[in-house]
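Here is the structure we will look at, set down as structure tokens.
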Amino acid sequence: MQRCGRTPAGVCADTLPEPFRQELAGDIDAAAAAWEALGYRYDQGLCLLHGGVSQVRQGVALLLALGAQPAAALGRARLVVPRGQPWRRASRAHARTDPAGLTAREREVHALLCRRLSNAEIAHRLGRSERTVEKHVSAVLGKLGLRSRADLYSAAPA
């Protein structure tokens, strides 16, 4: 309930298993370590999303490594706060909600890449220069953790 932003009512913390008890007490590092020791990496990642900036970043990285894109997106959203706050502000509104952190333009480029179009063909369709498309392709591959188009093609469903 606490992870969902609700206050657990009528719960006796003493009767809960260690990770839950520590998380309720606000000891995120100890709770995350306990989840890890139990082998529950997903719960470890979710727990870290409720800590400080460095813990949230660690949780996002862990969840991405597990392939838990939607959960990682929740963590990314926590890293975006109004100006004047200590956490970094995301550069694009769409990237804050996109599971892979792609901007709207990068999502368009990704869709065209999946159709195996060349940079020149993508540039023509989007009305952009090839150099601009090259930068978008590089950003898409980097955010998806891929090294090349071949990696993208092998990861995409046929």
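In the structure tokens, chains take letters A, B, ... by order of appearance, with residues numbered from 1 within each chain and ligands from 1 in the order shown.
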Shell around Val109 (chain A) at 8 Å using only C-alpha atoms, local window under 6 positions removed, as an mmCIF file with N, CA, C and O atoms, in the first residue's frame:
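Result file out-v5.cif:
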data_model
loop_
_atom_site.group_PDB
_atom_site.id
_atom_site.type_symbol
_atom_site.label_atom_id
_atom_site.label_comp_id
_atom_site.auth_asym_id
_atom_site.auth_seq_id
_atom_site.Cartn_x
_atom_site.Cartn_y
_atom_site.Cartn_z
ATOM 1 N N ILE A 122 14.148 7.748 -44.017
ATOM 2 C CA ILE A 122 13.529 8.312 -42.807
ATOM 3 C C ILE A 122 13.548 9.836 -42.893
ATOM 4 O O ILE A 122 12.550 10.502 -42.596
ATOM 5 N N VAL A 133 18.537 12.862 -38.634
ATOM 6 C CA VAL A 133 18.031 11.496 -38.470
ATOM 7 C C VAL A 133 19.112 10.599 -37.884
ATOM 8 O O VAL A 133 18.840 9.768 -37.013
ATOM 9 N N HIS A 136 19.092 11.073 -34.258
ATOM 10 C CA HIS A 136 17.930 10.408 -33.657
ATOM 11 C C HIS A 136 18.139 8.896 -33.583
ATOM 12 O O HIS A 136 17.824 8.270 -32.575
ATOM 13 N N VAL A 137 18.675 8.314 -34.664
ATOM 14 C CA VAL A 137 18.927 6.865 -34.685
ATOM 15 C C VAL A 137 19.903 6.492 -33.576
ATOM 16 O O VAL A 137 19.693 5.533 -32.838
ATOM 17 N N VAL A 140 18.099 6.660 -30.220
ATOM 18 C CA VAL A 140 17.165 5.538 -30.059
ATOM 19 C C VAL A 140 17.929 4.276 -29.688
ATOM 20 O O VAL A 140 17.583 3.586 -28.719
#
Report task. Please identify all polymer residues within 7 Å of region 19-28 of chain A, counting only C-alpha atoms, omitting same-chain residues fewer than 6 positions from it, and present them as an MDAnalysis selection string. Result -> chainID A and resid 13 34:35 47:48 51
Can you write just those residues out, N, CA, C and O atoms, as a PDB file, in the first residue's frame?
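Once written, selection.pdb looks like this:
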ATOM      1  N   ALA A  13       3.698  -3.595  12.166  1.00  0.00           N
ATOM      2  CA  ALA A  13       4.970  -3.743  11.467  1.00  0.00           C
ATOM      3  C   ALA A  13       5.819  -4.867  12.039  1.00  0.00           C
ATOM      4  O   ALA A  13       6.593  -5.492  11.318  1.00  0.00           O
ATOM      5  N   ALA A  34      17.905  -6.477   1.819  1.00  0.00           N
ATOM      6  CA  ALA A  34      17.170  -7.674   2.235  1.00  0.00           C
ATOM      7  C   ALA A  34      16.470  -8.323   1.043  1.00  0.00           C
ATOM      8  O   ALA A  34      16.483  -9.547   0.904  1.00  0.00           O
ATOM      9  N   TRP A  35      15.860  -7.504   0.196  1.00  0.00           N
ATOM     10  CA  TRP A  35      15.220  -8.049  -1.011  1.00  0.00           C
ATOM     11  C   TRP A  35      16.253  -8.745  -1.891  1.00  0.00           C
ATOM     12  O   TRP A  35      16.010  -9.821  -2.431  1.00  0.00           O
ATOM     13  N   CYS A  47      11.475  -1.154  -4.388  1.00  0.00           N
ATOM     14  CA  CYS A  47      11.805  -0.544  -3.100  1.00  0.00           C
ATOM     15  C   CYS A  47      12.686   0.685  -3.300  1.00  0.00           C
ATOM     16  O   CYS A  47      12.446   1.748  -2.719  1.00  0.00           O
ATOM     17  N   LEU A  48      13.696   0.554  -4.153  1.00  0.00           N
ATOM     18  CA  LEU A  48      14.631   1.659  -4.385  1.00  0.00           C
ATOM     19  C   LEU A  48      13.945   2.879  -4.997  1.00  0.00           C
ATOM     20  O   LEU A  48      14.407   4.009  -4.821  1.00  0.00           O
ATOM     21  N   GLY A  51      13.279   5.810  -2.549  1.00  0.00           N
ATOM     22  CA  GLY A  51      14.369   6.427  -1.805  1.00  0.00           C
ATOM     23  C   GLY A  51      14.733   7.782  -2.364  1.00  0.00           C
ATOM     24  O   GLY A  51      13.909   8.463  -2.984  1.00  0.00           O
TER      25      GLY A  51
END
With a distance cut-off of 12 Å and only C-alpha atoms, select the neighbouring residues of Glu108 (chain A), excluding the residue or stretch itself and same-chain residues fewer than 2 positions from it, and output the selection as a PDB file with all heavy atoms, in the first residue's frame.
ATOM      1  N   HIS A  94       7.186  13.891 -23.463  1.00  0.00           N
ATOM      2  CA  HIS A  94       6.890  12.529 -23.914  1.00  0.00           C
ATOM      3  C   HIS A  94       7.897  11.534 -23.350  1.00  0.00           C
ATOM      4  O   HIS A  94       7.541  10.408 -22.994  1.00  0.00           O
ATOM      5  CB  HIS A  94       6.880  12.458 -25.446  1.00  0.00           C
ATOM      6  CG  HIS A  94       6.438  11.130 -25.970  1.00  0.00           C
ATOM      7  ND1 HIS A  94       7.309  10.096 -26.200  1.00  0.00           N
ATOM      8  CD2 HIS A  94       5.214  10.647 -26.273  1.00  0.00           C
ATOM      9  CE1 HIS A  94       6.653   9.053 -26.646  1.00  0.00           C
ATOM     10  NE2 HIS A  94       5.377   9.349 -26.692  1.00  0.00           N
ATOM     11  N   LEU A 102      12.057   7.456 -24.695  1.00  0.00           N
ATOM     12  CA  LEU A 102      12.192   8.069 -26.018  1.00  0.00           C
ATOM     13  C   LEU A 102      11.296   9.297 -26.138  1.00  0.00           C
ATOM     14  O   LEU A 102      10.188   9.325 -25.610  1.00  0.00           O
ATOM     15  CB  LEU A 102      11.816   7.075 -27.120  1.00  0.00           C
ATOM     16  CG  LEU A 102      12.625   5.779 -27.208  1.00  0.00           C
ATOM     17  CD1 LEU A 102      12.080   4.895 -28.320  1.00  0.00           C
ATOM     18  CD2 LEU A 102      14.088   6.062 -27.414  1.00  0.00           C
ATOM     19  N   THR A 103      11.788  10.301 -26.873  1.00  0.00           N
ATOM     20  CA  THR A 103      10.956  11.457 -27.188  1.00  0.00           C
ATOM     21  C   THR A 103       9.966  11.047 -28.271  1.00  0.00           C
ATOM     22  O   THR A 103      10.088   9.969 -28.866  1.00  0.00           O
ATOM     23  CB  THR A 103      11.815  12.631 -27.689  1.00  0.00           C
ATOM     24  OG1 THR A 103      12.422  12.250 -28.932  1.00  0.00           O
ATOM     25  CG2 THR A 103      12.876  13.031 -26.678  1.00  0.00           C
ATOM     26  N   ALA A 104       9.001  11.912 -28.547  1.00  0.00           N
ATOM     27  CA  ALA A 104       8.012  11.617 -29.592  1.00  0.00           C
ATOM     28  C   ALA A 104       8.705  11.420 -30.939  1.00  0.00           C
ATOM     29  O   ALA A 104       8.370  10.493 -31.694  1.00  0.00           O
ATOM     30  CB  ALA A 104       6.978  12.734 -29.674  1.00  0.00           C
ATOM     31  N   ARG A 105       9.675  12.267 -31.268  1.00  0.00           N
ATOM     32  CA  ARG A 105      10.389  12.131 -32.547  1.00  0.00           C
ATOM     33  C   ARG A 105      11.196  10.838 -32.574  1.00  0.00           C
ATOM     34  O   ARG A 105      11.214  10.131 -33.586  1.00  0.00           O
ATOM     35  CB  ARG A 105      11.308  13.332 -32.766  1.00  0.00           C
ATOM     36  CG  ARG A 105      12.124  13.262 -34.033  1.00  0.00           C
ATOM     37  CD  ARG A 105      11.279  13.269 -35.290  1.00  0.00           C
ATOM     38  NE  ARG A 105      10.808  14.616 -35.534  1.00  0.00           N
ATOM     39  CZ  ARG A 105       9.945  14.942 -36.485  1.00  0.00           C
ATOM     40  NH1 ARG A 105       9.449  14.014 -37.274  1.00  0.00           N
ATOM     41  NH2 ARG A 105       9.551  16.180 -36.638  1.00  0.00           N
ATOM     42  N   GLU A 106      11.854  10.508 -31.477  1.00  0.00           N
ATOM     43  CA  GLU A 106      12.616   9.260 -31.424  1.00  0.00           C
ATOM     44  C   GLU A 106      11.697   8.055 -31.570  1.00  0.00           C
ATOM     45  O   GLU A 106      12.066   7.057 -32.196  1.00  0.00           O
ATOM     46  CB  GLU A 106      13.405   9.174 -30.115  1.00  0.00           C
ATOM     47  CG  GLU A 106      14.567  10.138 -30.053  1.00  0.00           C
ATOM     48  CD  GLU A 106      15.155  10.309 -28.660  1.00  0.00           C
ATOM     49  OE1 GLU A 106      14.560   9.826 -27.677  1.00  0.00           O
ATOM     50  OE2 GLU A 106      16.224  10.937 -28.565  1.00  0.00           O
ATOM     51  N   HIS A 110      12.056   5.317 -34.371  1.00  0.00           N
ATOM     52  CA  HIS A 110      12.094   3.899 -33.995  1.00  0.00           C
ATOM     53  C   HIS A 110      11.125   3.087 -34.853  1.00  0.00           C
ATOM     54  O   HIS A 110      11.470   2.006 -35.347  1.00  0.00           O
ATOM     55  CB  HIS A 110      11.766   3.744 -32.513  1.00  0.00           C
ATOM     56  CG  HIS A 110      11.705   2.320 -32.056  1.00  0.00           C
ATOM     57  ND1 HIS A 110      10.518   1.646 -31.928  1.00  0.00           N
ATOM     58  CD2 HIS A 110      12.685   1.445 -31.733  1.00  0.00           C
ATOM     59  CE1 HIS A 110      10.769   0.405 -31.524  1.00  0.00           C
ATOM     60  NE2 HIS A 110      12.080   0.258 -31.394  1.00  0.00           N
ATOM     61  N   ALA A 111       9.914   3.596 -35.025  1.00  0.00           N
ATOM     62  CA  ALA A 111       8.921   2.883 -35.839  1.00  0.00           C
ATOM     63  C   ALA A 111       9.413   2.707 -37.275  1.00  0.00           C
ATOM     64  O   ALA A 111       9.237   1.640 -37.881  1.00  0.00           O
ATOM     65  CB  ALA A 111       7.593   3.632 -35.821  1.00  0.00           C
ATOM     66  N   LEU A 112      10.046   3.755 -37.818  1.00  0.00           N
ATOM     67  CA  LEU A 112      10.568   3.667 -39.189  1.00  0.00           C
ATOM     68  C   LEU A 112      11.794   2.753 -39.254  1.00  0.00           C
ATOM     69  O   LEU A 112      12.004   2.058 -40.256  1.00  0.00           O
ATOM     70  CB  LEU A 112      10.871   5.064 -39.727  1.00  0.00           C
ATOM     71  CG  LEU A 112       9.636   5.971 -39.869  1.00  0.00           C
ATOM     72  CD1 LEU A 112      10.039   7.397 -40.208  1.00  0.00           C
ATOM     73  CD2 LEU A 112       8.686   5.408 -40.911  1.00  0.00           C
ATOM     74  N   LEU A 113      12.600   2.751 -38.214  1.00  0.00           N
ATOM     75  CA  LEU A 113      13.741   1.830 -38.160  1.00  0.00           C
ATOM     76  C   LEU A 113      13.259   0.386 -38.168  1.00  0.00           C
ATOM     77  O   LEU A 113      13.864  -0.474 -38.822  1.00  0.00           O
ATOM     78  CB  LEU A 113      14.567   2.066 -36.889  1.00  0.00           C
ATOM     79  CG  LEU A 113      15.546   3.221 -36.887  1.00  0.00           C
ATOM     80  CD1 LEU A 113      16.113   3.412 -35.485  1.00  0.00           C
ATOM     81  CD2 LEU A 113      16.660   2.987 -37.881  1.00  0.00           C
ATOM     82  N   CYS A 114      12.188   0.123 -37.447  1.00  0.00           N
ATOM     83  CA  CYS A 114      11.641  -1.236 -37.391  1.00  0.00           C
ATOM     84  C   CYS A 114      11.123  -1.685 -38.747  1.00  0.00           C
ATOM     85  O   CYS A 114      11.021  -2.881 -39.005  1.00  0.00           O
ATOM     86  CB  CYS A 114      10.536  -1.324 -36.340  1.00  0.00           C
ATOM     87  SG  CYS A 114      11.176  -1.254 -34.650  1.00  0.00           S
ATOM     88  N   ARG A 115      10.812  -0.709 -39.599  1.00  0.00           N
ATOM     89  CA  ARG A 115      10.387  -1.034 -40.970  1.00  0.00           C
ATOM     90  C   ARG A 115      11.591  -1.149 -41.907  1.00  0.00           C
ATOM     91  O   ARG A 115      11.437  -1.279 -43.104  1.00  0.00           O
ATOM     92  CB  ARG A 115       9.407   0.034 -41.470  1.00  0.00           C
ATOM     93  CG  ARG A 115       8.110   0.009 -40.663  1.00  0.00           C
ATOM     94  CD  ARG A 115       7.156   1.107 -41.020  1.00  0.00           C
ATOM     95  NE  ARG A 115       6.755   1.022 -42.406  1.00  0.00           N
ATOM     96  CZ  ARG A 115       6.099   1.984 -43.040  1.00  0.00           C
ATOM     97  NH1 ARG A 115       5.772   3.085 -42.385  1.00  0.00           N
ATOM     98  NH2 ARG A 115       5.777   1.859 -44.297  1.00  0.00           N
ATOM     99  N   LEU A 117      13.910   1.071 -42.785  1.00  0.00           N
ATOM    100  CA  LEU A 117      14.180   2.179 -43.697  1.00  0.00           C
ATOM    101  C   LEU A 117      15.581   2.728 -43.435  1.00  0.00           C
ATOM    102  O   LEU A 117      16.070   2.713 -42.309  1.00  0.00           O
ATOM    103  CB  LEU A 117      13.152   3.294 -43.512  1.00  0.00           C
ATOM    104  CG  LEU A 117      11.691   2.941 -43.809  1.00  0.00           C
ATOM    105  CD1 LEU A 117      10.801   4.159 -43.593  1.00  0.00           C
ATOM    106  CD2 LEU A 117      11.533   2.419 -45.232  1.00  0.00           C
ATOM    107  N   ILE A 122      14.148   7.748 -44.017  1.00  0.00           N
ATOM    108  CA  ILE A 122      13.529   8.312 -42.807  1.00  0.00           C
ATOM    109  C   ILE A 122      13.548   9.836 -42.893  1.00  0.00           C
ATOM    110  O   ILE A 122      12.550  10.502 -42.596  1.00  0.00           O
ATOM    111  CB  ILE A 122      14.254   7.821 -41.538  1.00  0.00           C
ATOM    112  CG1 ILE A 122      14.055   6.311 -41.370  1.00  0.00           C
ATOM    113  CG2 ILE A 122      13.750   8.564 -40.299  1.00  0.00           C
ATOM    114  CD1 ILE A 122      14.895   5.692 -40.264  1.00  0.00           C
ATOM    115  N   ALA A 123      14.665  10.411 -43.322  1.00  0.00           N
ATOM    116  CA  ALA A 123      14.793  11.867 -43.451  1.00  0.00           C
ATOM    117  C   ALA A 123      13.744  12.406 -44.416  1.00  0.00           C
ATOM    118  O   ALA A 123      13.104  13.432 -44.146  1.00  0.00           O
ATOM    119  CB  ALA A 123      16.195  12.230 -43.916  1.00  0.00           C
ATOM    120  N   ARG A 125      10.815  11.037 -45.235  1.00  0.00           N
ATOM    121  CA  ARG A 125       9.468  10.899 -44.663  1.00  0.00           C
ATOM    122  C   ARG A 125       9.191  11.932 -43.569  1.00  0.00           C
ATOM    123  O   ARG A 125       8.065  12.389 -43.431  1.00  0.00           O
ATOM    124  CB  ARG A 125       9.280   9.512 -44.080  1.00  0.00           C
ATOM    125  CG  ARG A 125       9.186   8.473 -45.161  1.00  0.00           C
ATOM    126  CD  ARG A 125       8.473   7.275 -44.682  1.00  0.00           C
ATOM    127  NE  ARG A 125       8.480   6.290 -45.753  1.00  0.00           N
ATOM    128  CZ  ARG A 125       7.752   5.221 -45.734  1.00  0.00           C
ATOM    129  NH1 ARG A 125       6.958   4.982 -44.733  1.00  0.00           N
ATOM    130  NH2 ARG A 125       7.810   4.372 -46.721  1.00  0.00           N
ATOM    131  N   LEU A 126      10.215  12.265 -42.791  1.00  0.00           N
ATOM    132  CA  LEU A 126      10.016  13.200 -41.676  1.00  0.00           C
ATOM    133  C   LEU A 126      10.322  14.645 -42.032  1.00  0.00           C
ATOM    134  O   LEU A 126      10.112  15.536 -41.221  1.00  0.00           O
ATOM    135  CB  LEU A 126      10.884  12.771 -40.486  1.00  0.00           C
ATOM    136  CG  LEU A 126      10.588  11.397 -39.880  1.00  0.00           C
ATOM    137  CD1 LEU A 126      11.536  11.098 -38.731  1.00  0.00           C
ATOM    138  CD2 LEU A 126       9.140  11.300 -39.428  1.00  0.00           C
ATOM    139  N   VAL A 133      18.537  12.862 -38.634  1.00  0.00           N
ATOM    140  CA  VAL A 133      18.031  11.496 -38.470  1.00  0.00           C
ATOM    141  C   VAL A 133      19.112  10.599 -37.884  1.00  0.00           C
ATOM    142  O   VAL A 133      18.840   9.768 -37.013  1.00  0.00           O
ATOM    143  CB  VAL A 133      17.507  10.942 -39.810  1.00  0.00           C
ATOM    144  CG1 VAL A 133      17.225   9.445 -39.720  1.00  0.00           C
ATOM    145  CG2 VAL A 133      16.252  11.691 -40.227  1.00  0.00           C
ATOM    146  N   HIS A 136      19.092  11.073 -34.258  1.00  0.00           N
ATOM    147  CA  HIS A 136      17.930  10.408 -33.657  1.00  0.00           C
ATOM    148  C   HIS A 136      18.139   8.896 -33.583  1.00  0.00           C
ATOM    149  O   HIS A 136      17.824   8.270 -32.575  1.00  0.00           O
ATOM    150  CB  HIS A 136      16.654  10.715 -34.441  1.00  0.00           C
ATOM    151  CG  HIS A 136      16.133  12.103 -34.268  1.00  0.00           C
ATOM    152  ND1 HIS A 136      15.921  12.684 -33.039  1.00  0.00           N
ATOM    153  CD2 HIS A 136      15.761  13.033 -35.176  1.00  0.00           C
ATOM    154  CE1 HIS A 136      15.454  13.904 -33.190  1.00  0.00           C
ATOM    155  NE2 HIS A 136      15.346  14.145 -34.491  1.00  0.00           N
ATOM    156  N   VAL A 137      18.675   8.314 -34.664  1.00  0.00           N
ATOM    157  CA  VAL A 137      18.927   6.865 -34.685  1.00  0.00           C
ATOM    158  C   VAL A 137      19.903   6.492 -33.576  1.00  0.00           C
ATOM    159  O   VAL A 137      19.693   5.533 -32.838  1.00  0.00           O
ATOM    160  CB  VAL A 137      19.448   6.412 -36.074  1.00  0.00           C
ATOM    161  CG1 VAL A 137      19.968   4.979 -36.021  1.00  0.00           C
ATOM    162  CG2 VAL A 137      18.360   6.551 -37.128  1.00  0.00           C
ATOM    163  N   VAL A 140      18.099   6.660 -30.220  1.00  0.00           N
ATOM    164  CA  VAL A 140      17.165   5.538 -30.059  1.00  0.00           C
ATOM    165  C   VAL A 140      17.929   4.276 -29.688  1.00  0.00           C
ATOM    166  O   VAL A 140      17.583   3.586 -28.719  1.00  0.00           O
ATOM    167  CB  VAL A 140      16.338   5.311 -31.348  1.00  0.00           C
ATOM    168  CG1 VAL A 140      15.602   3.980 -31.296  1.00  0.00           C
ATOM    169  CG2 VAL A 140      15.366   6.450 -31.562  1.00  0.00           C
TER     170      VAL A 140
END
**Report entry** Selected residue, from A:Lys143, A:Arg131, A:Arg149, A:Arg57, that lies nearest to Arg107 (chain A) when counting only C-alpha atoms
**Finding:**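 Answer, going by the shortest atom-to-atom distance: A:Lys143.
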Report task. Please report, as a VMD selection string, each residue of region 7-154 of chain A to which DSSP assigns alpha helix (DSSP H) when run on this structure's backbone. Result -> chain A and resid 18 to 25 28 to 38 41 to 48 53 to 65 69 to 78 93 to 97 104 to 114 119 to 126 130 to 143 149 to 154
Report task. Please provide as a ChimeraX atom specification all residues within 12 Å of region 38-43 of chain A, with the sequence filter that same-chain residues fewer than 3 positions apart are discarded (counting only C-alpha atoms). Result -> /A:3,17-20,23,28,31-35,46-50,58-69,71-72
